[in-house]
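Visitor: Got a structure here, written out as structure tokens. Questions coming.
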Amino acid sequence: MSINLRPAAVAGMFYPDSPSELGRDVSAMLVEIPGWIDTAPKAIIAPHAGYIYSGPIAARAFATLAGLRNTIHRVVLLGPTHRVAVRGLALPTSDAFATPLGTVPVDRKAADSISDMPQVVVSDPAHAQEHSLEVEIPFLQVVLGDFSLVPLAVGDTSPEAVAEVLECLWGDDETLIVVSSDLSHYLPYEDARQIDAKTARQILALNPTINHYQACGATPVNGLLLAARQRGLLSRQLDLRNSGDTAGDRSRVVGYGAFAFFEASQGAHHHVH
């Protein structure tokens, strides 16, 4: 029986299309990170540009999952739509997503559990060329190995609508939430640093009023912040840089942040005085 596969759209552009090179690159970025976090995050925010620009920042978020290979079995992955306008949160009809590192099954049961919510739609075009979800998957494959995916391409909807879907899919330790978002776009270096620092403060305060000039994934980010606030999660900033720090020219940069969110009961021992 043939599987309905969503093939990689940006391999060879945003990241290497050779499986060995891709595996090596991702592993190398993860290895460069000092000191693993000893608490399991419930959710992370990671950027989604080409790996030479934002890969090292994304790696900071994914490195927090290092000890969770046998714990996390499902990843709810949300990112903004860049190519196709869509109202609501779009699921694909695909049964699996492919990258050069292999295929990841879509958790159809979890997808079905939210499909009757008014804000959830089905759109293959919304996923076909979309890089915001795809570029996070190789990191997840390297860090987690086997897992299933609930891929949501987030279009025109409210943070409340996103939070409602997250609540429905929240699960237990076996479920990780990943929100894919870059920060400010095409500002001079110093301006970007100031605006991104403000955005980071809002994320750390779980203040769900980030706008689309601050973050292209503002809607899923705000939805996560609302859900995190309802659940009493603690947030930590893992990295905050821009393309002027990694591989780009400083006159027009894109901002990138990595953040992790922890259940308060687990995060308690992080407050070392």
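Letters for chains follow the order of the structure tokens (A, B, ...), residue numbers begin at 1 for each chain, and ligand numbers begin at 1 in the order shown.
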Near region 164-171 of chain A, within 12 Å and counting only C-alpha atoms, which residues show up once chain neighbours fewer than 2 positions away are dropped, as a PyMOL selection string?
Guide: chain A and resi 42-43+72-78+88-91+107+109-121+149-152+154+157-162+173-179+220-231+263
Visitor: Go ahead and save the picked residues with C-alpha atoms, as a PDB file, in the first residue's frame.
Guide:
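And here's part31.pdb as it stands now:
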```pdb
ATOM      1  CA  LYS A  42       7.314  20.757  27.483  1.00  0.00           C
ATOM      2  CA  ALA A  43       7.687  23.198  24.601  1.00  0.00           C
ATOM      3  CA  ILE A  72       8.947  11.942  23.663  1.00  0.00           C
ATOM      4  CA  HIS A  73       6.887  10.008  21.120  1.00  0.00           C
ATOM      5  CA  ARG A  74       4.831  12.785  19.592  1.00  0.00           C
ATOM      6  CA  VAL A  75       5.771  16.290  18.434  1.00  0.00           C
ATOM      7  CA  VAL A  76       3.125  18.935  17.838  1.00  0.00           C
ATOM      8  CA  LEU A  77       4.877  21.227  15.343  1.00  0.00           C
ATOM      9  CA  LEU A  78       3.464  24.657  14.528  1.00  0.00           C
ATOM     10  CA  GLY A  88      -6.988  28.774  10.800  1.00  0.00           C
ATOM     11  CA  LEU A  89      -4.523  25.974  11.499  1.00  0.00           C
ATOM     12  CA  ALA A  90      -3.970  23.632   8.573  1.00  0.00           C
ATOM     13  CA  LEU A  91      -3.342  19.899   8.797  1.00  0.00           C
ATOM     14  CA  ASP A 107      -0.068  11.039  14.101  1.00  0.00           C
ATOM     15  CA  LYS A 109      -5.226   9.794  15.538  1.00  0.00           C
ATOM     16  CA  ALA A 110      -4.120  13.053  17.161  1.00  0.00           C
ATOM     17  CA  ALA A 111      -4.902  14.933  13.937  1.00  0.00           C
ATOM     18  CA  ASP A 112      -8.394  13.406  13.884  1.00  0.00           C
ATOM     19  CA  SER A 113      -8.924  14.431  17.517  1.00  0.00           C
ATOM     20  CA  ILE A 114      -8.727  18.135  16.540  1.00  0.00           C
ATOM     21  CA  SER A 115     -10.204  17.956  13.019  1.00  0.00           C
ATOM     22  CA  ASP A 116     -13.705  18.910  14.122  1.00  0.00           C
ATOM     23  CA  MET A 117     -12.518  22.123  15.829  1.00  0.00           C
ATOM     24  CA  PRO A 118     -13.740  25.125  13.804  1.00  0.00           C
ATOM     25  CA  GLN A 119     -10.248  26.659  13.561  1.00  0.00           C
ATOM     26  CA  VAL A 120      -8.673  23.471  12.142  1.00  0.00           C
ATOM     27  CA  VAL A 121      -8.702  22.980   8.360  1.00  0.00           C
ATOM     28  CA  LEU A 149       4.238  14.414  14.077  1.00  0.00           C
ATOM     29  CA  VAL A 150       1.178  16.639  14.310  1.00  0.00           C
ATOM     30  CA  PRO A 151       2.109  19.278  11.677  1.00  0.00           C
ATOM     31  CA  LEU A 152       0.109  22.509  11.823  1.00  0.00           C
ATOM     32  CA  VAL A 154      -0.750  28.375  11.112  1.00  0.00           C
ATOM     33  CA  THR A 157      -6.289  32.871  13.271  1.00  0.00           C
ATOM     34  CA  SER A 158      -6.183  34.103  16.865  1.00  0.00           C
ATOM     35  CA  PRO A 159      -3.734  33.191  19.625  1.00  0.00           C
ATOM     36  CA  GLU A 160      -6.775  31.941  21.593  1.00  0.00           C
ATOM     37  CA  ALA A 161      -7.657  29.554  18.763  1.00  0.00           C
ATOM     38  CA  VAL A 162      -4.068  28.241  18.735  1.00  0.00           C
ATOM     39  CA  ASP A 173       5.645  13.817  28.939  1.00  0.00           C
ATOM     40  CA  GLU A 174       5.344  11.886  25.660  1.00  0.00           C
ATOM     41  CA  THR A 175       4.193  15.044  23.815  1.00  0.00           C
ATOM     42  CA  LEU A 176       6.514  17.933  22.919  1.00  0.00           C
ATOM     43  CA  ILE A 177       5.290  21.214  21.433  1.00  0.00           C
ATOM     44  CA  VAL A 178       7.580  22.994  18.960  1.00  0.00           C
ATOM     45  CA  VAL A 179       6.810  26.465  17.626  1.00  0.00           C
ATOM     46  CA  PRO A 220       1.614  30.336  17.120  1.00  0.00           C
ATOM     47  CA  VAL A 221       4.084  31.976  19.539  1.00  0.00           C
ATOM     48  CA  ASN A 222       1.272  33.954  21.204  1.00  0.00           C
ATOM     49  CA  GLY A 223      -0.881  30.820  21.281  1.00  0.00           C
ATOM     50  CA  LEU A 224       1.902  28.917  23.044  1.00  0.00           C
ATOM     51  CA  LEU A 225       2.404  31.807  25.504  1.00  0.00           C
ATOM     52  CA  LEU A 226      -1.321  31.764  26.353  1.00  0.00           C
ATOM     53  CA  ALA A 227      -1.292  27.993  26.888  1.00  0.00           C
ATOM     54  CA  ALA A 228       1.940  28.214  28.888  1.00  0.00           C
ATOM     55  CA  ARG A 229       0.382  30.878  31.094  1.00  0.00           C
ATOM     56  CA  GLN A 230      -2.757  28.741  31.660  1.00  0.00           C
ATOM     57  CA  ARG A 231      -0.531  25.794  32.575  1.00  0.00           C
ATOM     58  CA  GLU A 263       6.345  22.532  33.836  1.00  0.00           C
TER      59      GLU A 263
END
```
Visitor: Hey, what's within 12 Å of Ser181 (chain A) if we count only C-alpha atoms and toss same-chain stuff fewer than 3 positions away? As a PyMOL selection string, please?
Guide: chain A and resi 44-49+54+57-58+77-82+131-133+135-136+153-154+178+184-185+199+210+212-222+224+254-259
Visitor: Choose the residue, out of A:Thr209, A:Asn242, A:Asp25, A:Ala163, that has the smallest atom-to-atom separation from Asp196 (chain A); count only C-alpha atoms.
Guide: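 Ranking A:Thr209, A:Asn242, A:Asp25, A:Ala163 by distance to Asp196 (chain A), first place goes to A:Asn242.
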Visitor: Go through A:Gly248, A:Pro188, A:Pro34, A:Gly232 and flag the residue nearest Leu206 (chain A), using only C-alpha atoms for the distances.
Guide: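 Nearest candidate to Leu206 (chain A) out of A:Gly248, A:Pro188, A:Pro34, A:Gly232: A:Gly232.
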Visitor: Would you give me, as a PyMOL selection string, the residues in region 156-222 of chain A that DSSP reads as helix (DSSP H, G or I)?
Guide: chain A and resi 159-169+189-204+218-222
Visitor: If you keep N, CA and C atoms, can you produce a file of those selected residues as an mmCIF file, in the first residue's frame?
Guide:
```
data_model
loop_
_atom_site.group_PDB
_atom_site.id
_atom_site.type_symbol
_atom_site.label_atom_id
_atom_site.label_comp_id
_atom_site.auth_asym_id
_atom_site.auth_seq_id
_atom_site.Cartn_x
_atom_site.Cartn_y
_atom_site.Cartn_z
ATOM 1 N N PRO A 159 -4.518 33.927 18.625
ATOM 2 C CA PRO A 159 -3.734 33.191 19.625
ATOM 3 C C PRO A 159 -4.624 32.282 20.478
ATOM 4 N N GLU A 160 -5.843 32.748 20.792
ATOM 5 C CA GLU A 160 -6.775 31.941 21.593
ATOM 6 C C GLU A 160 -7.119 30.644 20.872
ATOM 7 N N ALA A 161 -7.318 30.744 19.554
ATOM 8 C CA ALA A 161 -7.657 29.554 18.763
ATOM 9 C C ALA A 161 -6.492 28.561 18.753
ATOM 10 N N VAL A 162 -5.264 29.096 18.694
ATOM 11 C CA VAL A 162 -4.068 28.241 18.735
ATOM 12 C C VAL A 162 -3.946 27.579 20.110
ATOM 13 N N ALA A 163 -4.137 28.359 21.172
ATOM 14 C CA ALA A 163 -4.029 27.830 22.538
ATOM 15 C C ALA A 163 -5.026 26.703 22.762
ATOM 16 N N GLU A 164 -6.220 26.856 22.186
ATOM 17 C CA GLU A 164 -7.266 25.833 22.317
ATOM 18 C C GLU A 164 -6.827 24.504 21.695
ATOM 19 N N VAL A 165 -6.205 24.587 20.527
ATOM 20 C CA VAL A 165 -5.700 23.381 19.860
ATOM 21 C C VAL A 165 -4.563 22.762 20.680
ATOM 22 N N LEU A 166 -3.666 23.604 21.208
ATOM 23 C CA LEU A 166 -2.565 23.098 22.036
ATOM 24 C C LEU A 166 -3.095 22.384 23.274
ATOM 25 N N GLU A 167 -4.107 22.968 23.907
ATOM 26 C CA GLU A 167 -4.727 22.336 25.084
ATOM 27 C C GLU A 167 -5.215 20.934 24.735
ATOM 28 N N CYS A 168 -5.824 20.827 23.563
ATOM 29 C CA CYS A 168 -6.401 19.553 23.125
ATOM 30 C C CYS A 168 -5.320 18.501 22.890
ATOM 31 N N LEU A 169 -4.149 18.941 22.439
ATOM 32 C CA LEU A 169 -3.067 18.017 22.087
ATOM 33 C C LEU A 169 -1.995 17.932 23.182
ATOM 34 N N TYR A 189 21.441 45.913 12.151
ATOM 35 C CA TYR A 189 21.863 45.051 13.263
ATOM 36 C C TYR A 189 21.444 45.571 14.643
ATOM 37 N N GLU A 190 21.789 46.833 14.966
ATOM 38 C CA GLU A 190 21.502 47.335 16.312
ATOM 39 C C GLU A 190 19.997 47.475 16.571
ATOM 40 N N ASP A 191 19.243 47.893 15.546
ATOM 41 C CA ASP A 191 17.785 48.006 15.695
ATOM 42 C C ASP A 191 17.186 46.629 15.970
ATOM 43 N N ALA A 192 17.666 45.644 15.230
ATOM 44 C CA ALA A 192 17.168 44.280 15.407
ATOM 45 C C ALA A 192 17.447 43.793 16.823
ATOM 46 N N ARG A 193 18.652 44.064 17.308
ATOM 47 C CA ARG A 193 18.994 43.618 18.665
ATOM 48 C C ARG A 193 18.035 44.200 19.700
ATOM 49 N N GLN A 194 17.706 45.482 19.543
ATOM 50 C CA GLN A 194 16.794 46.123 20.498
ATOM 51 C C GLN A 194 15.387 45.536 20.429
ATOM 52 N N ILE A 195 14.876 45.390 19.205
ATOM 53 C CA ILE A 195 13.511 44.872 19.049
ATOM 54 C C ILE A 195 13.434 43.409 19.495
ATOM 55 N N ASP A 196 14.439 42.613 19.129
ATOM 56 C CA ASP A 196 14.420 41.199 19.512
ATOM 57 C C ASP A 196 14.554 41.029 21.029
ATOM 58 N N ALA A 197 15.303 41.913 21.671
ATOM 59 C CA ALA A 197 15.431 41.847 23.135
ATOM 60 C C ALA A 197 14.077 42.119 23.790
ATOM 61 N N LYS A 198 13.327 43.051 23.211
ATOM 62 C CA LYS A 198 11.981 43.346 23.734
ATOM 63 C C LYS A 198 11.071 42.130 23.531
ATOM 64 N N THR A 199 11.134 41.530 22.347
ATOM 65 C CA THR A 199 10.320 40.346 22.053
ATOM 66 C C THR A 199 10.664 39.225 23.030
ATOM 67 N N ALA A 200 11.959 39.037 23.281
ATOM 68 C CA ALA A 200 12.396 37.990 24.209
ATOM 69 C C ALA A 200 11.826 38.238 25.606
ATOM 70 N N ARG A 201 11.817 39.498 26.021
ATOM 71 C CA ARG A 201 11.250 39.806 27.347
ATOM 72 C C ARG A 201 9.762 39.458 27.399
ATOM 73 N N GLN A 202 9.050 39.696 26.303
ATOM 74 C CA GLN A 202 7.624 39.340 26.256
ATOM 75 C C GLN A 202 7.437 37.824 26.326
ATOM 76 N N ILE A 203 8.299 37.090 25.623
ATOM 77 C CA ILE A 203 8.204 35.623 25.641
ATOM 78 C C ILE A 203 8.476 35.109 27.057
ATOM 79 N N LEU A 204 9.488 35.672 27.718
ATOM 80 C CA LEU A 204 9.835 35.224 29.068
ATOM 81 C C LEU A 204 8.747 35.591 30.071
ATOM 82 N N ALA A 218 4.278 34.973 14.968
ATOM 83 C CA ALA A 218 3.650 35.630 16.119
ATOM 84 C C ALA A 218 2.395 34.891 16.593
ATOM 85 N N THR A 219 1.563 34.429 15.660
ATOM 86 C CA THR A 219 0.304 33.792 16.066
ATOM 87 C C THR A 219 0.549 32.491 16.840
ATOM 88 N N PRO A 220 1.344 31.535 16.303
ATOM 89 C CA PRO A 220 1.614 30.336 17.120
ATOM 90 C C PRO A 220 2.419 30.637 18.385
ATOM 91 N N VAL A 221 3.331 31.608 18.329
ATOM 92 C CA VAL A 221 4.084 31.976 19.539
ATOM 93 C C VAL A 221 3.116 32.486 20.607
ATOM 94 N N ASN A 222 2.238 33.417 20.232
ATOM 95 C CA ASN A 222 1.272 33.954 21.204
ATOM 96 C C ASN A 222 0.347 32.854 21.727
#
```
Visitor: What is the distance, in Å and to one decimal place, between CA of Arg60 (chain A) and CA of Ile137 (chain A)?
Guide: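 Computing the Euclidean distance for CA of Arg60 (chain A) and CA of Ile137 (chain A) yields 14.7 Å.
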Visitor: Could you check how far CA of Met29 (chain A) sits from CA of Pro138 (chain A), in Å to one decimal?
Guide: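 Between CA of Met29 (chain A) and CA of Pro138 (chain A) the gap works out to 12.0 Å.
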Visitor: Nearest residue to Arg24 (chain A) out of A:Leu101, A:Leu68, A:Ala205, A:Val253, using only C-alpha atoms?
Guide: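 Ranked by minimum distance to Arg24 (chain A), first place goes to A:Leu101.
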Visitor: What is the distance, in Å and to one decimal place, between CA of Val26 (chain A) and CA of Arg6 (chain A)?
Guide: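 Interatomic distance here is 21.4 Å.
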Visitor: Could you tell me which of A:Asp156, A:Asp38, A:Asp249, A:Glu32 comes closest to Val86 (chain A) if we count only C-alpha atoms?
Guide: A:Asp156
Visitor: Considering only C-alpha atoms, can you say which of A:Leu183, A:Leu30, A:Ala61, A:Glu21 comes closest to Asn211 (chain A)?
Guide: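 Selected residue with least distance to Asn211 (chain A): A:Leu183.
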Visitor: Taking only C-alpha atoms into account, name the residue in A:Phe139, A:Leu240, A:Thr246, A:Ser148 that is nearest to Gly23 (chain A).
Guide: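 Going through A:Phe139, A:Leu240, A:Thr246, A:Ser148 one by one, the smallest distance to Gly23 (chain A) is for A:Phe139.
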